[in-house]
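**Q** If you scroll down you'll find the structure; I have some questions about it.
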Amino acid sequence: AQSVTQLGSHVSVSEGALVLLRCNYSSSVPPYLFWYVQYPNQGLQLLLKYTTGATLVKGINGFEAEFKKSETSFHLTKPSAHMSDAAEYFCAVRFTGTASKLTFGTGTRLQVTL
Amino acid sequence: EAGVTQFPSHSVIEKGQTVTLRCDPISGHDNLYWYRRVMGKEIKFLLHFVKESKQDESGMPNNRFLAERTGGTYSTLKVQPAELEDSGVYFCASSPTGGLEQFFGPGTRLTVL
C-alpha cells in the first residue's frame, strides 16, 4: 500500500540550530511531494512542493527540501531555527494513479527552545 | 482574496445527534476536498468534488457521512447519526482546475460525547 512516513512525532531544537524533519514515501514511481505547516488555530499552509525538475526545492520562511528518488525521501530542512517556526509540519504525497488526493504523514510537531 | 472558510470552527454534540459542517472554497476553484484528522493520527482523505460531482469518495468511512456540493460552490458534510469515533478535525481544501496545490481551511473540530 502507498504510505507516507514521518519519523518523529515531536522534534525539539534550539533557536539557531538546524531543523531536519524526515519524510519517506512508498512508491516506485516518483510522485508529487508537498510539505505543509499548521500554526496554532490556523489551516494548513503550503511550505513547498516538488513536481519535476530540480530536486532541491526552496520554500517559504527559509525552508527547503530535497527529493531523493533512490531513498524515496523528501526531508525538510532549515539552517537556523527561529521561535516562530514552532508549529506542526505535514509531509503529503500525491501518488501517481490516485487522482489528486493527498496522502499525509502523521505530522511532526516542532518545538523551538531558547 | 478570501481563503477557504469552514463553519463552525468547533462543534460538540452527543452520540446519535446530527451535525453538518460547511466549507466555502476559494472563489472559482472547481476542486473541493474533505479530509479528516482523528486525534494523534494522520490526515486522511474523505472525498473530492469537481464542481458539483463527486470525483472520488473512496475515503468516506461509512454511510453515516453525506457530502453535497449543490451548485458547485460551497459544500456540506453531514454526519448522521454521529458516533464517538467521528471526533476529530475536518479539513476542507480547494484547488483550481489543473492546480497542484490544495488550499486548506482552518478546519472544524468535532467532538462527539
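Ordered as shown in the C-alpha cells, chains take letters A, B, and onward, while each chain numbers its residues from 1 and ligands are numbered from 1 in the order shown.
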Using only C-alpha atoms, which residues sit within 12 Å of Gly98 of chain B once same-chain residues fewer than 5 positions away are excluded, as a list in words?

**A**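 Near Gly98 of chain B, the qualifying residues are Ala99 and Ser100 of chain A; His29, Asp30, Asn31 and Val50 of chain B.
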
**Q** Please dump the current selection as a PDB file, in the first residue's frame; keep N, CA and C atoms.

**A**
ATOM      1  N   ALA A  99      -5.514   9.925  -8.623  1.00  0.00           N
ATOM      2  CA  ALA A  99      -6.183  11.191  -8.907  1.00  0.00           C
ATOM      3  C   ALA A  99      -5.444  12.294  -8.175  1.00  0.00           C
ATOM      4  N   SER A 100      -6.166  13.202  -7.545  1.00  0.00           N
ATOM      5  CA  SER A 100      -5.471  14.332  -6.954  1.00  0.00           C
ATOM      6  C   SER A 100      -5.492  14.330  -5.429  1.00  0.00           C
TER       7      SER A 100
ATOM      8  N   HIS B  29     -12.612  28.020  -7.622  1.00  0.00           N
ATOM      9  CA  HIS B  29     -11.966  26.708  -7.532  1.00  0.00           C
ATOM     10  C   HIS B  29     -13.000  25.615  -7.765  1.00  0.00           C
ATOM     11  N   ASP B  30     -12.774  24.817  -8.792  1.00  0.00           N
ATOM     12  CA  ASP B  30     -13.711  23.751  -9.113  1.00  0.00           C
ATOM     13  C   ASP B  30     -13.513  22.506  -8.244  1.00  0.00           C
ATOM     14  N   ASN B  31     -12.288  22.336  -7.764  1.00  0.00           N
ATOM     15  CA  ASN B  31     -11.992  21.144  -6.958  1.00  0.00           C
ATOM     16  C   ASN B  31     -12.172  21.452  -5.481  1.00  0.00           C
ATOM     17  N   VAL B  50     -15.518  17.641  -8.098  1.00  0.00           N
ATOM     18  CA  VAL B  50     -15.194  18.536  -9.193  1.00  0.00           C
ATOM     19  C   VAL B  50     -16.517  19.211  -9.546  1.00  0.00           C
TER      20      VAL B  50
END

**Q** Mind listing as a ChimeraX atom specification which residues of chain B are within 7 Å of chain A, counting only C-alpha atoms?

**A** /B:41-45,104-107

**Q** Those selected residues, please, written with C-alpha atoms and delivered as a short mmCIF file (atom, residue, chain, number, x, y, z; two decimals), in the first residue's frame.

**A**
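For reference, again_14.cif as written:
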data_model
loop_
_atom_site.label_atom_id
_atom_site.label_comp_id
_atom_site.auth_asym_id
_atom_site.auth_seq_id
_atom_site.Cartn_x
_atom_site.Cartn_y
_atom_site.Cartn_z
CA LYS B 41 -3.26 10.09 13.54
CA GLU B 42 -2.64 11.24 10.02
CA ILE B 43 -4.88 13.49 7.99
CA LYS B 44 -6.98 11.21 5.81
CA PHE B 45 -8.74 11.91 2.55
CA PHE B 104 -6.76 24.35 3.15
CA GLY B 105 -9.26 25.87 5.51
CA PRO B 106 -8.73 26.13 9.27
CA GLY B 107 -10.75 23.00 9.97
#

**Q** Which residue, B:Ala67, B:Val38, B:Pro8, B:Gly59, has the smallest gap to Leu84 of chain B when you use only C-alpha atoms?

**A**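 Going through B:Ala67, B:Val38, B:Pro8, B:Gly59 one by one, the smallest distance to Leu84 of chain B is for B:Val38.
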
**Q** Leaving out Pro61 of chain B and any residue of its chain fewer than 6 positions from it, which residues lie within 12 Å of it when counting only C-alpha atoms, given as a list in words?

**A**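 The residues satisfying every condition are Tyr35, Arg36, Lys44, Phe45, Leu46, Leu47, Ala67, Val79, Glu83, Glu85 and Asp86 of chain B.
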
**Q** So which residues of segment 12-88 of chain B fall under strand (DSSP E or B) by DSSP, listed as a compact mmCIF listing (two decimals) with N, CA and C atoms, in the first residue's frame?

**A**
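The resulting part33.txt:
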# COMPACT_ATOMS: atom_id res chain seq x y z
N VAL B 12 -19.59 20.56 19.41
CA VAL B 12 -19.66 19.49 20.41
C VAL B 12 -21.08 18.95 20.40
N ILE B 13 -21.22 17.68 20.13
CA ILE B 13 -22.54 17.06 20.07
C ILE B 13 -22.51 15.74 20.81
N VAL B 19 -24.80 16.40 12.79
CA VAL B 19 -24.01 17.62 12.65
C VAL B 19 -23.75 17.86 11.18
N THR B 20 -23.79 19.12 10.79
CA THR B 20 -23.49 19.50 9.41
C THR B 20 -22.36 20.50 9.40
N LEU B 21 -21.32 20.18 8.68
CA LEU B 21 -20.16 21.04 8.54
C LEU B 21 -20.23 21.70 7.17
N ARG B 22 -19.78 22.94 7.13
CA ARG B 22 -19.84 23.66 5.86
C ARG B 22 -18.45 24.12 5.45
N CYS B 23 -18.22 24.12 4.15
CA CYS B 23 -16.96 24.60 3.58
C CYS B 23 -17.25 25.52 2.41
N ASP B 24 -16.64 26.69 2.44
CA ASP B 24 -16.69 27.61 1.31
C ASP B 24 -15.30 27.66 0.68
N ASN B 31 -12.29 22.34 -7.76
CA ASN B 31 -11.99 21.14 -6.96
C ASN B 31 -12.17 21.45 -5.48
N LEU B 32 -12.88 20.57 -4.81
CA LEU B 32 -13.09 20.72 -3.37
C LEU B 32 -12.88 19.36 -2.73
N TYR B 33 -12.11 19.37 -1.65
CA TYR B 33 -11.73 18.13 -0.95
C TYR B 33 -12.14 18.22 0.51
N TRP B 34 -12.48 17.06 1.06
CA TRP B 34 -12.67 16.92 2.50
C TRP B 34 -11.65 15.92 3.03
N TYR B 35 -11.05 16.29 4.15
CA TYR B 35 -10.11 15.42 4.86
C TYR B 35 -10.49 15.39 6.33
N ARG B 36 -9.99 14.39 7.04
CA ARG B 36 -10.26 14.30 8.47
C ARG B 36 -9.00 13.85 9.20
N ARG B 37 -8.81 14.45 10.37
CA ARG B 37 -7.71 14.01 11.22
C ARG B 37 -8.28 13.57 12.56
N ILE B 43 -3.76 12.89 8.70
CA ILE B 43 -4.88 13.49 7.99
C ILE B 43 -5.25 12.54 6.86
N LYS B 44 -6.55 12.18 6.82
CA LYS B 44 -6.98 11.21 5.81
C LYS B 44 -8.00 11.81 4.85
N PHE B 45 -7.85 11.48 3.61
CA PHE B 45 -8.74 11.91 2.55
C PHE B 45 -10.12 11.29 2.74
N LEU B 46 -11.16 12.11 2.54
CA LEU B 46 -12.52 11.61 2.57
C LEU B 46 -13.12 11.57 1.16
N LEU B 47 -13.20 12.76 0.52
CA LEU B 47 -13.74 12.76 -0.83
C LEU B 47 -13.34 14.01 -1.58
N HIS B 48 -13.61 13.96 -2.88
CA HIS B 48 -13.20 15.01 -3.81
C HIS B 48 -14.37 15.32 -4.74
N PHE B 49 -14.72 16.61 -4.79
CA PHE B 49 -15.71 17.10 -5.75
C PHE B 49 -15.01 17.82 -6.89
N VAL B 50 -15.52 17.64 -8.10
CA VAL B 50 -15.19 18.54 -9.19
C VAL B 50 -16.52 19.21 -9.55
N SER B 53 -19.97 17.43 -8.87
CA SER B 53 -19.90 15.98 -9.00
C SER B 53 -18.86 15.37 -8.07
N LYS B 54 -19.20 14.23 -7.51
CA LYS B 54 -18.24 13.50 -6.67
C LYS B 54 -17.27 12.76 -7.58
N GLN B 55 -16.03 13.17 -7.53
CA GLN B 55 -15.00 12.55 -8.37
C GLN B 55 -14.42 11.30 -7.71
N ASP B 56 -14.30 11.37 -6.40
CA ASP B 56 -13.68 10.27 -5.66
C ASP B 56 -14.21 10.33 -4.24
N PHE B 65 -22.04 9.30 6.68
CA PHE B 65 -21.46 10.53 6.17
C PHE B 65 -22.05 10.84 4.80
N LEU B 66 -22.54 12.08 4.65
CA LEU B 66 -23.12 12.50 3.38
C LEU B 66 -22.55 13.86 3.01
N ALA B 67 -21.92 13.93 1.87
CA ALA B 67 -21.36 15.19 1.39
C ALA B 67 -22.12 15.66 0.17
N GLU B 68 -22.31 16.96 0.12
CA GLU B 68 -23.01 17.56 -1.02
C GLU B 68 -22.30 18.84 -1.44
N SER B 75 -19.79 23.47 0.05
CA SER B 75 -20.07 22.06 0.30
C SER B 75 -20.47 21.86 1.76
N THR B 76 -21.27 20.85 1.98
CA THR B 76 -21.61 20.45 3.34
C THR B 76 -21.27 18.98 3.55
N LEU B 77 -20.91 18.68 4.76
CA LEU B 77 -20.63 17.30 5.16
C LEU B 77 -21.49 17.02 6.39
N LYS B 78 -22.42 16.11 6.21
CA LYS B 78 -23.35 15.78 7.29
C LYS B 78 -22.98 14.44 7.88
N VAL B 79 -23.00 14.38 9.20
CA VAL B 79 -22.76 13.12 9.90
C VAL B 79 -24.04 12.79 10.68
N GLY B 88 -12.85 14.47 15.70
CA GLY B 88 -11.61 14.80 15.02
C GLY B 88 -11.71 16.18 14.40

**Q** Excluding Val19 of chain A and any residue of its chain fewer than 2 positions from it, enumerate the residues within 9 Å of it, using only C-alpha atoms, and give them as a PyMOL selection string.

**A** chain A and resi 11-13+16-17+21+63+76-81+110

**Q** Would you save the residues from that selection as a JSON list (two decimals), in the first residue's frame, using all heavy atoms?

**A**
[["chain", "number", "residue", "atom", "x", "y", "z"],
["A", 11, "VAL", "N", 9.78, 16.97, 17.57],
["A", 11, "VAL", "CA", 11.19, 17.32, 17.42],
["A", 11, "VAL", "C", 11.42, 18.64, 18.14],
["A", 11, "VAL", "O", 10.64, 19.58, 17.98],
["A", 11, "VAL", "CB", 11.57, 17.45, 15.93],
["A", 11, "VAL", "CG1", 12.97, 18.04, 15.79],
["A", 11, "VAL", "CG2", 11.50, 16.10, 15.24],
["A", 12, "SER", "N", 12.48, 18.68, 18.93],
["A", 12, "SER", "CA", 12.83, 19.90, 19.65],
["A", 12, "SER", "C", 14.22, 20.35, 19.25],
["A", 12, "SER", "O", 15.15, 19.54, 19.24],
["A", 12, "SER", "CB", 12.77, 19.65, 21.16],
["A", 12, "SER", "OG", 13.07, 20.84, 21.88],
["A", 13, "VAL", "N", 14.34, 21.62, 18.89],
["A", 13, "VAL", "CA", 15.64, 22.18, 18.53],
["A", 13, "VAL", "C", 15.82, 23.51, 19.26],
["A", 13, "VAL", "O", 14.85, 24.15, 19.66],
["A", 13, "VAL", "CB", 15.79, 22.40, 17.01],
["A", 13, "VAL", "CG1", 15.62, 21.08, 16.27],
["A", 13, "VAL", "CG2", 14.79, 23.42, 16.51],
["A", 16, "GLY", "N", 18.27, 28.83, 16.39],
["A", 16, "GLY", "CA", 19.53, 28.95, 15.67],
["A", 16, "GLY", "C", 20.08, 27.62, 15.19],
["A", 16, "GLY", "O", 21.01, 27.60, 14.37],
["A", 17, "ALA", "N", 19.54, 26.52, 15.67],
["A", 17, "ALA", "CA", 20.03, 25.21, 15.27],
["A", 17, "ALA", "C", 19.36, 24.75, 13.98],
["A", 17, "ALA", "O", 18.34, 25.29, 13.55],
["A", 17, "ALA", "CB", 19.76, 24.19, 16.37],
["A", 21, "LEU", "N", 13.40, 17.63, 9.39],
["A", 21, "LEU", "CA", 12.19, 16.83, 9.57],
["A", 21, "LEU", "C", 12.16, 15.82, 8.43],
["A", 21, "LEU", "O", 12.25, 16.18, 7.27],
["A", 21, "LEU", "CB", 10.94, 17.72, 9.53],
["A", 21, "LEU", "CG", 10.91, 18.86, 10.54],
["A", 21, "LEU", "CD1", 9.60, 19.63, 10.43],
["A", 21, "LEU", "CD2", 11.14, 18.38, 11.95],
["A", 63, "PHE", "N", 12.74, 27.56, 4.45],
["A", 63, "PHE", "CA", 12.74, 26.10, 4.39],
["A", 63, "PHE", "C", 13.09, 25.59, 2.99],
["A", 63, "PHE", "O", 12.81, 26.25, 2.00],
["A", 63, "PHE", "CB", 11.37, 25.54, 4.79],
["A", 63, "PHE", "CG", 11.11, 25.58, 6.26],
["A", 63, "PHE", "CD1", 10.47, 26.67, 6.84],
["A", 63, "PHE", "CD2", 11.50, 24.53, 7.08],
["A", 63, "PHE", "CE1", 10.24, 26.72, 8.20],
["A", 63, "PHE", "CE2", 11.27, 24.56, 8.44],
["A", 63, "PHE", "CZ", 10.64, 25.66, 9.00],
["A", 76, "LEU", "N", 12.71, 17.76, 5.04],
["A", 76, "LEU", "CA", 12.58, 19.22, 5.14],
["A", 76, "LEU", "C", 13.69, 19.76, 6.05],
["A", 76, "LEU", "O", 13.91, 19.21, 7.13],
["A", 76, "LEU", "CB", 11.22, 19.57, 5.73],
["A", 76, "LEU", "CG", 10.89, 21.06, 5.89],
["A", 76, "LEU", "CD1", 10.65, 21.70, 4.52],
["A", 76, "LEU", "CD2", 9.65, 21.24, 6.77],
["A", 77, "THR", "N", 14.35, 20.82, 5.62],
["A", 77, "THR", "CA", 15.41, 21.40, 6.42],
["A", 77, "THR", "C", 15.30, 22.92, 6.46],
["A", 77, "THR", "O", 14.71, 23.55, 5.59],
["A", 77, "THR", "CB", 16.80, 21.03, 5.88],
["A", 77, "THR", "OG1", 16.93, 21.52, 4.54],
["A", 77, "THR", "CG2", 17.02, 19.53, 5.90],
["A", 78, "LYS", "N", 15.91, 23.45, 7.52],
["A", 78, "LYS", "CA", 16.08, 24.90, 7.64],
["A", 78, "LYS", "C", 17.37, 25.10, 8.41],
["A", 78, "LYS", "O", 17.56, 24.50, 9.47],
["A", 78, "LYS", "CB", 14.92, 25.56, 8.35],
["A", 78, "LYS", "CG", 15.06, 27.09, 8.46],
["A", 78, "LYS", "CD", 13.82, 27.74, 9.04],
["A", 78, "LYS", "CE", 14.01, 29.25, 9.12],
["A", 78, "LYS", "NZ", 12.80, 29.95, 9.63],
["A", 79, "PRO", "N", 18.29, 25.90, 7.89],
["A", 79, "PRO", "CA", 19.61, 26.01, 8.52],
["A", 79, "PRO", "C", 19.58, 26.54, 9.95],
["A", 79, "PRO", "O", 20.34, 26.09, 10.80],
["A", 79, "PRO", "CB", 20.36, 26.98, 7.61],
["A", 79, "PRO", "CG", 19.62, 26.95, 6.32],
["A", 79, "PRO", "CD", 18.20, 26.68, 6.66],
["A", 80, "SER", "N", 18.68, 27.47, 10.24],
["A", 80, "SER", "CA", 18.67, 28.12, 11.54],
["A", 80, "SER", "C", 17.24, 28.31, 12.01],
["A", 80, "SER", "O", 16.49, 29.09, 11.43],
["A", 80, "SER", "CB", 19.40, 29.47, 11.43],
["A", 80, "SER", "OG", 19.35, 30.16, 12.66],
["A", 81, "ALA", "N", 16.88, 27.61, 13.07],
["A", 81, "ALA", "CA", 15.50, 27.67, 13.56],
["A", 81, "ALA", "C", 15.22, 28.99, 14.25],
["A", 81, "ALA", "O", 16.08, 29.57, 14.93],
["A", 81, "ALA", "CB", 15.25, 26.52, 14.53],
["A", 110, "LEU", "N", 7.12, 20.60, 15.82],
["A", 110, "LEU", "CA", 8.43, 21.21, 16.05],
["A", 110, "LEU", "C", 8.37, 22.19, 17.21],
["A", 110, "LEU", "O", 7.55, 23.11, 17.20],
["A", 110, "LEU", "CB", 8.92, 21.92, 14.79],
["A", 110, "LEU", "CG", 10.25, 22.66, 14.91],
["A", 110, "LEU", "CD1", 11.39, 21.66, 15.13],
["A", 110, "LEU", "CD2", 10.53, 23.51, 13.68]]

**Q** I'd like the interatomic distance between atom CA of Val112 of chain B and atom CA of Ser11 of chain B, to a tenth of an Å.

**A** 8.4 Å

**Q** Using only C-alpha atoms, which of the listed residues (A:Thr52, A:Gln2, A:Thr108, A:Asn24) sits closest to Ser73 of chain A?

**A** A:Asn24

**Q** From the set B:Glu57, B:Ala82, B:Gln102, B:Glu52, which residue has the shortest atom-to-atom contact distance to Thr70 of chain B, counting only C-alpha atoms?

**A**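 Closest residue, counting only C-alpha atoms: B:Glu52.
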